[in-house]
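**Student:** What follows is the file entry31.cif, containing mmCIF, C-alpha atoms:
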```cif
data_my_file
loop_
_atom_site.group_PDB
_atom_site.id
_atom_site.type_symbol
_atom_site.label_atom_id
_atom_site.label_comp_id
_atom_site.auth_asym_id
_atom_site.auth_seq_id
_atom_site.Cartn_x
_atom_site.Cartn_y
_atom_site.Cartn_z
ATOM 1 C CA MET A 11 -26.576 38.980 -54.266
ATOM 2 C CA SER A 12 -27.748 36.211 -51.966
ATOM 3 C CA ASN A 13 -25.759 35.554 -48.808
ATOM 4 C CA ILE A 14 -24.235 32.147 -49.569
ATOM 5 C CA GLN A 15 -22.233 32.169 -46.347
ATOM 6 C CA GLY A 16 -25.412 32.638 -44.325
ATOM 7 C CA LYS A 17 -27.419 30.010 -46.220
ATOM 8 C CA LEU A 18 -24.708 27.354 -46.302
ATOM 9 C CA PRO A 19 -25.245 26.065 -42.718
ATOM 10 C CA VAL A 20 -28.977 25.658 -43.417
ATOM 11 C CA ILE A 21 -28.370 23.801 -46.685
ATOM 12 C CA LEU A 22 -25.821 21.507 -45.071
ATOM 13 C CA SER A 23 -28.079 20.877 -42.074
ATOM 14 C CA VAL A 24 -30.960 19.739 -44.293
ATOM 15 C CA SER A 25 -28.633 17.427 -46.213
ATOM 16 C CA PHE A 26 -27.205 16.112 -42.938
ATOM 17 C CA VAL A 27 -30.691 15.258 -41.627
ATOM 18 C CA ALA A 28 -31.490 13.338 -44.823
ATOM 19 C CA VAL A 29 -28.279 11.302 -44.545
ATOM 20 C CA ILE A 30 -28.921 10.532 -40.857
ATOM 21 C CA ILE A 31 -32.423 9.252 -41.603
ATOM 22 C CA ILE A 32 -31.258 7.055 -44.508
ATOM 23 C CA LEU A 33 -28.346 5.543 -42.572
ATOM 24 C CA SER A 34 -30.512 4.997 -39.487
ATOM 25 C CA VAL A 35 -33.114 3.069 -41.487
ATOM 26 C CA ILE A 36 -30.378 0.855 -42.921
ATOM 27 C CA LYS A 37 -28.674 0.304 -39.535
ATOM 28 C CA PHE A 38 -31.841 -0.445 -37.600
ATOM 29 C CA SER A 39 -33.047 -2.988 -40.176
ATOM 30 C CA ASN A 40 -30.863 -5.534 -38.356
ATOM 31 C CA TRP A 41 -31.687 -4.433 -34.799
ATOM 32 C CA ASP A 42 -34.533 -5.567 -32.573
ATOM 33 C CA GLY A 43 -35.729 -5.452 -28.972
ATOM 34 C CA PRO A 44 -34.388 -2.795 -26.537
ATOM 35 C CA PRO A 45 -31.434 -1.772 -28.777
ATOM 36 C CA LEU A 46 -33.854 -0.931 -31.591
ATOM 37 C CA LEU A 47 -36.123 1.118 -29.329
ATOM 38 C CA LEU A 48 -33.185 2.955 -27.780
ATOM 39 C CA GLY A 49 -31.590 3.500 -31.184
ATOM 40 C CA VAL A 50 -34.734 5.051 -32.639
ATOM 41 C CA LEU A 51 -35.116 7.212 -29.523
ATOM 42 C CA PHE A 52 -31.505 8.349 -29.829
ATOM 43 C CA ILE A 53 -31.885 9.381 -33.470
ATOM 44 C CA VAL A 54 -35.129 11.214 -32.714
ATOM 45 C CA LEU A 55 -33.390 13.106 -29.909
ATOM 46 C CA TYR A 56 -30.465 13.964 -32.179
ATOM 47 C CA LEU A 57 -32.786 15.297 -34.885
ATOM 48 C CA LEU A 58 -34.743 17.316 -32.314
ATOM 49 C CA TRP A 59 -31.454 18.838 -31.195
ATOM 50 C CA LEU A 60 -30.610 19.800 -34.775
ATOM 51 C CA PHE A 61 -34.052 21.366 -35.103
ATOM 52 C CA ALA A 62 -33.624 23.289 -31.828
ATOM 53 C CA GLU A 63 -30.434 24.877 -33.131
ATOM 54 C CA SER A 64 -31.719 25.455 -36.658
ATOM 55 C CA ARG A 65 -33.249 28.802 -35.650
ATOM 56 C CA ILE A 66 -29.741 30.098 -35.008
ATOM 57 C CA ALA A 67 -28.597 29.136 -38.503
ATOM 58 C CA VAL A 68 -31.725 30.667 -40.033
ATOM 59 C CA GLY A 69 -31.219 33.868 -38.025
ATOM 60 C CA GLU A 70 -27.702 34.243 -39.433
ATOM 61 C CA ILE A 71 -28.750 34.183 -43.090
ATOM 62 C CA ASP A 72 -29.031 37.965 -43.323
ATOM 63 C CA MET A 73 -26.031 38.767 -41.108
ATOM 64 C CA GLU A 74 -22.931 40.378 -42.543
ATOM 65 C CA LYS A 75 -20.207 38.071 -43.792
ATOM 66 C CA THR A 76 -17.307 37.408 -41.468
ATOM 67 C CA ARG A 77 -13.910 35.846 -42.043
ATOM 68 C CA LEU A 78 -12.987 35.571 -38.385
ATOM 69 C CA ASP A 79 -13.762 31.839 -38.579
ATOM 70 C CA LYS A 80 -10.749 31.226 -40.848
ATOM 71 C CA GLY A 81 -12.563 28.154 -42.187
ATOM 72 C CA THR A 82 -12.926 26.546 -38.760
ATOM 73 C CA LEU A 83 -16.740 26.448 -38.849
ATOM 74 C CA GLU A 84 -16.755 24.369 -42.026
ATOM 75 C CA ALA A 85 -14.007 22.051 -40.746
ATOM 76 C CA TYR A 86 -15.713 21.687 -37.365
ATOM 77 C CA ALA A 87 -19.104 20.988 -38.979
ATOM 78 C CA ALA A 88 -17.579 18.467 -41.380
ATOM 79 C CA ALA A 89 -15.891 16.646 -38.479
ATOM 80 C CA ARG A 90 -19.183 16.572 -36.576
ATOM 81 C CA ALA A 91 -21.010 15.136 -39.593
ATOM 82 C CA ALA A 92 -18.216 12.630 -40.225
ATOM 83 C CA THR A 93 -18.455 11.392 -36.624
ATOM 84 C CA VAL A 94 -22.205 10.789 -36.854
ATOM 85 C CA ILE A 95 -22.133 9.330 -40.359
ATOM 86 C CA THR A 96 -19.212 7.013 -39.557
ATOM 87 C CA ALA A 97 -20.930 5.810 -36.381
ATOM 88 C CA LEU A 98 -24.141 5.036 -38.272
ATOM 89 C CA ALA A 99 -22.424 3.490 -41.296
ATOM 90 C CA SER A 100 -20.099 1.179 -39.326
ATOM 91 C CA PRO A 101 -21.136 -2.014 -37.474
ATOM 92 C CA SER A 102 -21.912 -1.061 -33.865
ATOM 93 C CA LEU A 103 -19.925 -3.098 -31.348
ATOM 94 C CA SER A 104 -21.821 -1.680 -28.358
ATOM 95 C CA ILE A 105 -25.099 -3.371 -29.293
ATOM 96 C CA ALA A 106 -23.909 -6.548 -27.549
ATOM 97 C CA ASN A 107 -23.805 -4.753 -24.184
ATOM 98 C CA HIS A 108 -26.977 -2.834 -23.380
ATOM 99 C CA LEU A 109 -25.259 -0.981 -20.520
ATOM 100 C CA TRP A 110 -23.161 0.983 -23.022
ATOM 101 C CA LEU A 111 -26.324 1.961 -24.861
ATOM 102 C CA TYR A 112 -27.807 3.446 -21.697
ATOM 103 C CA ILE A 113 -24.531 5.194 -20.850
ATOM 104 C CA GLY A 114 -24.323 6.654 -24.363
ATOM 105 C CA ILE A 115 -27.835 8.047 -24.446
ATOM 106 C CA THR A 116 -27.496 9.453 -20.909
ATOM 107 C CA VAL A 117 -24.230 11.244 -21.725
ATOM 108 C CA PHE A 118 -25.779 12.576 -24.912
ATOM 109 C CA ALA A 119 -28.939 13.912 -23.252
ATOM 110 C CA GLY A 120 -27.021 15.627 -20.455
ATOM 111 C CA ALA A 121 -24.547 17.165 -22.901
ATOM 112 C CA VAL A 122 -27.264 18.564 -25.158
ATOM 113 C CA LEU A 123 -29.006 20.135 -22.167
ATOM 114 C CA LEU A 124 -25.701 21.735 -21.159
ATOM 115 C CA ARG A 125 -25.139 23.106 -24.660
ATOM 116 C CA LEU A 126 -28.659 24.473 -25.070
ATOM 117 C CA GLU A 127 -28.492 26.112 -21.651
ATOM 118 C CA ALA A 128 -25.129 27.687 -22.537
ATOM 119 C CA ILE A 129 -26.588 29.019 -25.790
ATOM 120 C CA ARG A 130 -29.681 30.351 -23.990
ATOM 121 C CA ILE A 131 -27.626 32.196 -21.391
ATOM 122 C CA LEU A 132 -25.303 33.707 -24.005
ATOM 123 C CA GLY A 133 -28.375 34.975 -25.851
ATOM 124 C CA LYS A 134 -27.731 37.469 -28.643
ATOM 125 C CA PHE A 135 -23.994 37.061 -28.213
ATOM 126 C CA TYR A 136 -24.112 33.456 -29.414
ATOM 127 C CA SER A 137 -23.418 32.812 -33.085
ATOM 128 C CA HIS A 138 -22.442 29.760 -35.104
ATOM 129 C CA ARG A 139 -19.852 31.944 -36.806
ATOM 130 C CA ILE A 140 -17.150 33.788 -34.915
ATOM 131 C CA ARG A 141 -18.054 37.459 -34.758
ATOM 132 C CA LEU A 142 -17.920 40.359 -32.341
ATOM 133 C CA GLN A 143 -21.390 41.694 -31.632
ATOM 134 C CA ASP A 144 -22.223 45.336 -30.950
ATOM 135 C CA GLU A 145 -21.707 46.108 -27.257
ATOM 136 C CA HIS A 146 -20.194 42.654 -26.818
ATOM 137 C CA LYS A 147 -19.908 41.721 -23.152
ATOM 138 C CA ILE A 148 -18.620 38.744 -21.205
ATOM 139 C CA ILE A 149 -21.125 36.353 -19.651
ATOM 140 C CA ASP A 150 -19.833 34.771 -16.442
ATOM 141 C CA HIS A 151 -22.852 33.115 -14.839
ATOM 142 C CA GLY A 152 -24.496 29.723 -15.301
ATOM 143 C CA PRO A 153 -22.069 27.210 -16.865
ATOM 144 C CA TYR A 154 -19.840 30.139 -17.866
ATOM 145 C CA HIS A 155 -19.004 30.516 -14.178
ATOM 146 C CA TYR A 156 -17.063 27.240 -14.401
ATOM 147 C CA ILE A 157 -15.652 27.105 -17.943
ATOM 148 C CA ARG A 158 -15.238 29.533 -20.841
ATOM 149 C CA HIS A 159 -16.844 27.436 -23.588
ATOM 150 C CA PRO A 160 -19.633 25.228 -22.179
ATOM 151 C CA ALA A 161 -21.404 25.113 -25.563
ATOM 152 C CA TYR A 162 -18.353 23.415 -27.068
ATOM 153 C CA THR A 163 -18.112 21.114 -24.058
ATOM 154 C CA GLY A 164 -21.730 20.143 -24.655
ATOM 155 C CA MET A 165 -21.028 19.533 -28.346
ATOM 156 C CA ILE A 166 -18.027 17.315 -27.620
ATOM 157 C CA LEU A 167 -19.793 15.317 -24.900
ATOM 158 C CA ALA A 168 -22.914 14.876 -27.034
ATOM 159 C CA HIS A 169 -20.902 13.283 -29.819
ATOM 160 C CA THR A 170 -18.944 11.251 -27.305
ATOM 161 C CA GLY A 171 -22.288 9.848 -26.161
ATOM 162 C CA PHE A 172 -23.213 9.199 -29.792
ATOM 163 C CA VAL A 173 -20.016 7.212 -30.364
ATOM 164 C CA ILE A 174 -20.450 5.276 -27.106
ATOM 165 C CA PHE A 175 -23.946 4.275 -28.230
ATOM 166 C CA PHE A 176 -23.038 3.376 -31.832
ATOM 167 C CA PHE A 177 -19.470 2.387 -31.025
ATOM 168 C CA SER A 178 -16.982 1.399 -33.709
ATOM 169 C CA VAL A 179 -13.272 2.022 -34.153
ATOM 170 C CA PRO A 180 -13.794 4.246 -37.260
ATOM 171 C CA ALA A 181 -16.315 6.318 -35.291
ATOM 172 C CA LEU A 182 -13.836 6.698 -32.433
ATOM 173 C CA ILE A 183 -11.180 7.946 -34.867
ATOM 174 C CA ALA A 184 -13.664 10.433 -36.356
ATOM 175 C CA LEU A 185 -14.485 11.615 -32.823
ATOM 176 C CA MET A 186 -10.794 12.272 -32.135
ATOM 177 C CA VAL A 187 -10.643 14.392 -35.298
ATOM 178 C CA LEU A 188 -13.707 16.323 -34.063
ATOM 179 C CA TYR A 189 -11.933 16.982 -30.754
ATOM 180 C CA MET A 190 -8.963 18.361 -32.674
ATOM 181 C CA PHE A 191 -11.056 20.729 -34.776
ATOM 182 C CA VAL A 192 -12.982 21.982 -31.742
ATOM 183 C CA ILE A 193 -9.687 22.846 -30.035
ATOM 184 C CA VAL A 194 -8.439 24.654 -33.150
ATOM 185 C CA ARG A 195 -11.722 26.565 -33.427
ATOM 186 C CA ILE A 196 -11.574 27.623 -29.783
ATOM 187 C CA LEU A 197 -8.052 28.957 -30.233
ATOM 188 C CA VAL A 198 -9.143 30.923 -33.307
ATOM 189 C CA GLU A 199 -12.196 32.268 -31.471
ATOM 190 C CA GLU A 200 -10.136 33.289 -28.458
ATOM 191 C CA SER A 201 -7.681 35.191 -30.646
ATOM 192 C CA MET A 202 -10.650 37.482 -31.317
ATOM 193 C CA LEU A 203 -12.115 37.475 -27.796
ATOM 194 C CA LEU A 204 -8.783 38.329 -26.189
ATOM 195 C CA LYS A 205 -9.044 41.729 -27.855
ATOM 196 C CA LEU A 206 -11.621 42.474 -25.169
ATOM 197 C CA ASP A 207 -10.061 43.526 -21.852
ATOM 198 C CA ALA A 208 -12.945 41.954 -19.954
ATOM 199 C CA TYR A 209 -12.264 38.586 -21.574
ATOM 200 C CA LYS A 210 -8.580 38.747 -20.623
ATOM 201 C CA VAL A 211 -9.605 39.124 -16.981
ATOM 202 C CA TYR A 212 -12.336 36.472 -17.252
ATOM 203 C CA SER A 213 -10.030 33.896 -18.861
ATOM 204 C CA LYS A 214 -7.327 34.105 -16.191
ATOM 205 C CA ASN A 215 -9.158 31.833 -13.751
ATOM 206 C CA LYS A 216 -11.437 29.857 -16.075
ATOM 207 C CA LYS A 217 -10.480 26.762 -18.045
ATOM 208 C CA ARG A 218 -11.736 26.421 -21.616
ATOM 209 C CA LEU A 219 -13.593 23.098 -21.745
ATOM 210 C CA ILE A 220 -12.943 21.026 -18.618
ATOM 211 C CA PRO A 221 -12.737 22.537 -15.110
ATOM 212 C CA CYS A 222 -9.209 22.332 -13.610
ATOM 213 C CA ILE A 223 -7.800 20.695 -16.796
ATOM 214 C CA TRP A 224 -8.017 22.779 -20.020
#
```
Show how you would write the structure in this file as structure tokens.
**Tutor:**
Amino acid sequence: MSNIQGKLPVILSVSFVAVIIILSVIKFSNWDGPPLLLGVLFIVLYLLWLFAESRIAVGEIDMEKTRLDKGTLEAYAAARAATVITALASPSLSIANHLWLYIGITVFAGAVLLRLEAIRILGKFYSHRIRLQDEHKIIDHGPYHYIRHPAYTGMILAHTGFVIFFFSVPALIALMVLYMFVIVRILVEESMLLKLDAYKVYSKNKKRLIPCIW
């Protein structure tokens, strides 16, 4: 029997890309000048990011099923998609002030670099789904020296940059929902990680997402 759980992220990612392209074409039909150039650049960067992470989803197709997620991956992914789709489908208020466009794309680019670096350093222990790997160990260097979940921090900041760039009130609301689901997912993930003695020690002096805050 085919692994539907493993294939689902790939199927959804392809559908998500198609929706992004369609909505972007519609949105940019009314843009011109620097906002249009920056908008196209932003979407290209976002799609390249999706492509960069697609290898992880493909690599998980043949992995064993896991229920440690408790549905948080699907909810988290849906909230991410809703944030992007809402931002692209709603009139963008930030287009009137080019400074916000530059701020948005800068925040996004920096956040994606942080996330990809966090994923690279975690290596084989990184997975889109929550699972304990064989010989699982705690990584405490690179961005993990400062916070426990830099990949999630990168994800949140990247979509914050997206909403700043394509700002609308509905997109801001969707972003708040994404924040909520990321927090829930982290708590579910840590309920598994705290079974490791090394993680209990590691987590005592490391915040989850933001140094010195949470």
**Student:** For Leu206 of chain A, please output as a list in words all residues within 9 Å (counting only C-alpha atoms; exclusion window: fewer than 3 positions along the same chain).
**Tutor:** His146, Lys147, Ile148, Met202, Leu203, Tyr209 and Lys210 of chain A
**Student:** Find, counting only C-alpha atoms, the residue in A:Tyr189, A:Phe175, A:Trp224, A:Phe52 that gets nearest to Ala97 of chain A.
**Tutor:**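 Result for the nearest residue to Ala97 of chain A: A:Phe175.
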**Student:** What's the separation between atom CA of Ile149 of chain A and atom CA of Ile129 of chain A, in Å to one decimal place?
**Tutor:** 11.0 Å
**Student:** Under the rule that only C-alpha atoms are counted, which of A:Arg139, A:Ala99, A:Leu48, A:Lys205 is the nearest residue to Val35 of chain A?
**Tutor:**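 Closest to Val35 of chain A of all the choices is A:Ala99.
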**Student:** Just how far from atom CA of Ala168 of chain A is atom CA of Ala121 of chain A, in Å to one decimal?
**Tutor:**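 It comes out at 5.0 Å.
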**Student:** At most 12 Å from (-20.6, 29.1, -19.4), file frame, only C-alpha atoms: which residues, as a ChimeraX atom specification?
**Tutor:** /A:124-133,136,148-164,212-213,216-221
**Student:** Quick one: apply the PyMOL selection byres ((chain A and resi 108) around 12) to the file and drop the selected residues here as a ChimeraX atom specification.
**Tutor:** /A:43-49,102-107,109-115,174-177
**Student:** Taking the file as shown, what set of residues would the PyMOL selection byres ((chain A and resi 199) around 10) give back, as an MDAnalysis selection string?
**Tutor:** chainID A and resid 78:80 82 139:142 193:198 200:204
